[in-house]
Amino acid sequence: MKLIASVISAVITLTASLAGIIVLMLVTHVTVDVVMRFAFDTPLNSTILYVSAFYMVAIAFLPLAAVEQNDGHIAVELLVEKFPTKVQSFLAGLALLLTCIVTATVAIRTGDEALAKFIGGSYSIEAGGKVTTWPTYLALPLGFGLMSIVAAWKFICHLTGRPHGLNALKVEDPYLAGGDA
């Protein structure tokens with residue numbers, strides 16, 4: 001069980017780290033574009049396309065599994081916290097199962113779309129240049145697929161009563177943890 005958790009954690013770390021690197025690429029690209037635009041009056045071509053189609057999509061969807069692993073998605077527990085422990089446990093398991101099913105369905109559907117865009121050689125034309133865009137479609141099935149795997153693993157561990165053992169990206173926020181900054 002620990003091996004499975006460590007493999008899942010490693011993949012989560014990889015995709016979340018990739019998203020972090022893409023954030024740095026976005027900042028660098030936009031900074032260079034602004035400098036080129038105002039200092040040399042020659043902006044980079046297709047910056048808006050790269051930001052909206054490549055960078056932002058990857059930044060939004062690649063870390064989904066890391067958020068799921070850390071129970072970071074939005075949850076409203078107005079009534080559930082007042083339920084008996086067994087009911088809370090059942091609802092937590094049901095939520096994990098539904099998360100797994102929904103995210104797997106989204107991963108399959110977006111994977112089909114990504115495959116269609118790859119086969120069709122999807123591209124955009126901006127500023128007179130052809131920019132291949134089919135790779136941007138891969139972030140969604142990757143992000144949702146990995147989130148589905150995380151939810152499935154957590155569901156299995158929930159059923160067996162074992163801790164899930166996922167430990168990627170444990171970042172402490174000093175402002176939320178009450179520490180000094």
# chains A, B, ... in the order shown; residues from 1 in each chain; ligands from 1
$ residues_around --residues "A:Ala139" --least-positions-apart "5" --cutoff "8 Å" --atoms "only C-alpha atoms" --output "list in words"
Val57, Ala58, Phe61 and Leu62 of chain A
$ residues_around --residues "A:Val27" --least-positions-apart "4" --cutoff "12 Å" --atoms "only C-alpha atoms" --output "list in words"
Gly20, Ile21, Ile22, Val23, Thr31, Val32, Asp33, Val34, Thr47, Tyr50, Val51, Tyr55 and Met56 of chain A
$ select_by_dssp --residues "stretch 40-131 of chain A" --states "strand (DSSP E or B)" --output "PyMOL selection string"
chain A and resi 123-126+129-131
$ write_last_selection --atoms "all heavy atoms" --output "compact mmCIF listing (two decimals), in the first residue's frame"
# COMPACT_ATOMS: atom_id res chain seq x y z
N TYR A 123 -4.44 24.06 -34.51
CA TYR A 123 -3.54 25.21 -34.43
C TYR A 123 -4.37 26.49 -34.45
O TYR A 123 -5.55 26.49 -34.75
CB TYR A 123 -2.54 25.22 -35.58
CG TYR A 123 -3.17 25.37 -36.95
CD1 TYR A 123 -3.38 26.63 -37.51
CD2 TYR A 123 -3.58 24.26 -37.68
CE1 TYR A 123 -3.97 26.77 -38.75
CE2 TYR A 123 -4.16 24.39 -38.92
CZ TYR A 123 -4.36 25.65 -39.44
OH TYR A 123 -4.96 25.78 -40.68
N SER A 124 -3.73 27.60 -34.10
CA SER A 124 -4.32 28.94 -34.18
C SER A 124 -3.39 29.82 -35.00
O SER A 124 -2.17 29.61 -35.01
CB SER A 124 -4.50 29.56 -32.80
OG SER A 124 -5.52 28.91 -32.08
N ILE A 125 -3.99 30.78 -35.64
CA ILE A 125 -3.19 31.74 -36.39
C ILE A 125 -3.32 33.08 -35.68
O ILE A 125 -4.42 33.59 -35.49
CB ILE A 125 -3.66 31.84 -37.85
CG1 ILE A 125 -3.44 30.50 -38.55
CG2 ILE A 125 -2.93 32.97 -38.56
CD1 ILE A 125 -3.93 30.43 -39.97
N GLU A 126 -2.18 33.60 -35.28
CA GLU A 126 -2.17 34.88 -34.60
C GLU A 126 -0.95 35.66 -35.08
O GLU A 126 0.15 35.11 -35.16
CB GLU A 126 -2.12 34.70 -33.08
CG GLU A 126 -2.29 36.01 -32.35
CD GLU A 126 -2.50 35.83 -30.87
OE1 GLU A 126 -3.31 34.96 -30.48
OE2 GLU A 126 -1.86 36.57 -30.11
N GLY A 129 1.20 34.22 -37.79
CA GLY A 129 1.96 32.98 -37.57
C GLY A 129 1.05 31.84 -37.14
O GLY A 129 0.02 32.05 -36.52
N LYS A 130 1.44 30.64 -37.48
CA LYS A 130 0.69 29.44 -37.12
C LYS A 130 1.27 28.87 -35.83
O LYS A 130 2.45 28.55 -35.76
CB LYS A 130 0.79 28.43 -38.26
CG LYS A 130 0.05 27.16 -38.04
CD LYS A 130 0.18 26.26 -39.28
CE LYS A 130 -0.36 24.88 -39.02
NZ LYS A 130 -0.19 24.00 -40.19
N VAL A 131 0.42 28.74 -34.79
CA VAL A 131 0.84 28.22 -33.50
C VAL A 131 0.09 26.92 -33.24
O VAL A 131 -1.14 26.91 -33.18
CB VAL A 131 0.56 29.22 -32.36
CG1 VAL A 131 0.96 28.64 -31.02
CG2 VAL A 131 1.26 30.55 -32.61
$ closest_atom_pairs --of "stretch 119-173 of chain A" --to "stretch 63-77 of chain A" --cutoff "9 Å" --atoms "only C-alpha atoms" --output "JSON lines"
{"residue": "A:Gly143", "atom": "CA", "partner": "A:Leu64", "partner_atom": "CA", "distance": 5.6}
{"residue": "A:Phe144", "atom": "CA", "partner": "A:Leu64", "partner_atom": "CA", "distance": 6.8}
{"residue": "A:Gly145", "atom": "CA", "partner": "A:Ala65", "partner_atom": "CA", "distance": 8.5}
{"residue": "A:Leu146", "atom": "CA", "partner": "A:Ala65", "partner_atom": "CA", "distance": 5.7}
{"residue": "A:Met147", "atom": "CA", "partner": "A:Ala65", "partner_atom": "CA", "distance": 4.1}
{"residue": "A:Ser148", "atom": "CA", "partner": "A:Ala65", "partner_atom": "CA", "distance": 7.8}
{"residue": "A:Ile149", "atom": "CA", "partner": "A:Ala65", "partner_atom": "CA", "distance": 8.3}
{"residue": "A:Val150", "atom": "CA", "partner": "A:Ala65", "partner_atom": "CA", "distance": 6.4}
{"residue": "A:Ala151", "atom": "CA", "partner": "A:Glu68", "partner_atom": "CA", "distance": 7.3}
{"residue": "A:Lys154", "atom": "CA", "partner": "A:Gln69", "partner_atom": "CA", "distance": 8.3}
{"residue": "A:Leu166", "atom": "CA", "partner": "A:Gln69", "partner_atom": "CA", "distance": 6.7}
{"residue": "A:Asn167", "atom": "CA", "partner": "A:Gln69", "partner_atom": "CA", "distance": 8.0}
{"residue": "A:Ala168", "atom": "CA", "partner": "A:Ala66", "partner_atom": "CA", "distance": 7.3}
{"residue": "A:Leu169", "atom": "CA", "partner": "A:Ala66", "partner_atom": "CA", "distance": 7.2}
{"residue": "A:Lys170", "atom": "CA", "partner": "A:Asn70", "partner_atom": "CA", "distance": 8.1}
$ write_last_selection --atoms "C-alpha atoms" --output "PDB file, in the first residue's frame"
ATOM      1  CA  GLY A 143      -5.241  16.783 -14.350  1.00  0.00           C
ATOM      2  CA  PHE A 144      -8.689  15.198 -14.044  1.00  0.00           C
ATOM      3  CA  GLY A 145      -7.324  11.674 -14.578  1.00  0.00           C
ATOM      4  CA  LEU A 146      -4.802  12.047 -11.793  1.00  0.00           C
ATOM      5  CA  MET A 147      -7.437  13.615  -9.546  1.00  0.00           C
ATOM      6  CA  SER A 148      -9.648  10.586 -10.237  1.00  0.00           C
ATOM      7  CA  ILE A 149      -6.804   8.247  -9.279  1.00  0.00           C
ATOM      8  CA  VAL A 150      -6.245  10.172  -6.049  1.00  0.00           C
ATOM      9  CA  ALA A 151      -9.962  10.058  -5.191  1.00  0.00           C
ATOM     10  CA  LYS A 154      -8.521   7.667  -0.960  1.00  0.00           C
ATOM     11  CA  LEU A 166      -0.267  10.524   0.108  1.00  0.00           C
ATOM     12  CA  ASN A 167       2.376  13.023   1.105  1.00  0.00           C
ATOM     13  CA  ALA A 168       3.336  15.174  -1.860  1.00  0.00           C
ATOM     14  CA  LEU A 169       3.650  18.915  -1.505  1.00  0.00           C
ATOM     15  CA  LYS A 170       3.098  19.473   2.183  1.00  0.00           C
TER      16      LYS A 170
END
$ closest_residue --among "A:Phe83, A:Phe118, A:Tyr137, A:Trp153" --to "A:Ser6" --atoms "only C-alpha atoms"
A:Trp153
$ closest_residue --among "A:Ala114, A:Phe155, A:Leu142, A:Leu79" --to "A:Leu98" --atoms "only C-alpha atoms"
A:Phe155
$ atom_distance --atom1 "atom CA of A:Ala152" --atom2 "atom CA of A:Cys100"
5.5 Å
$ select_by_dssp --residues "stretch 74-162 of chain A" --states "helix (DSSP H, G or I)" --output "PyMOL selection string"
chain A and resi 80-82+85-120+134-160
$ atom_distance --atom1 "atom CA of A:Leu159" --atom2 "atom CA of A:Val11"
23.2 Å
$ atom_distance --atom1 "atom CA of A:Val80" --atom2 "atom CA of A:Ala5"
28.1 Å
$ closest_residue --among "A:Leu18, A:His158, A:Pro141, A:Glu113" --to "A:Leu91" --atoms "only C-alpha atoms"
A:His158
$ closest_residue --among "A:Ala60, A:Leu44, A:Val30, A:His164" --to "A:Ala16" --atoms "only C-alpha atoms"
A:Ala60
$ closest_residue --among "A:Thr136, A:Ser52, A:Thr85, A:Ser9" --to "A:Leu115" --atoms "only C-alpha atoms"
A:Thr136
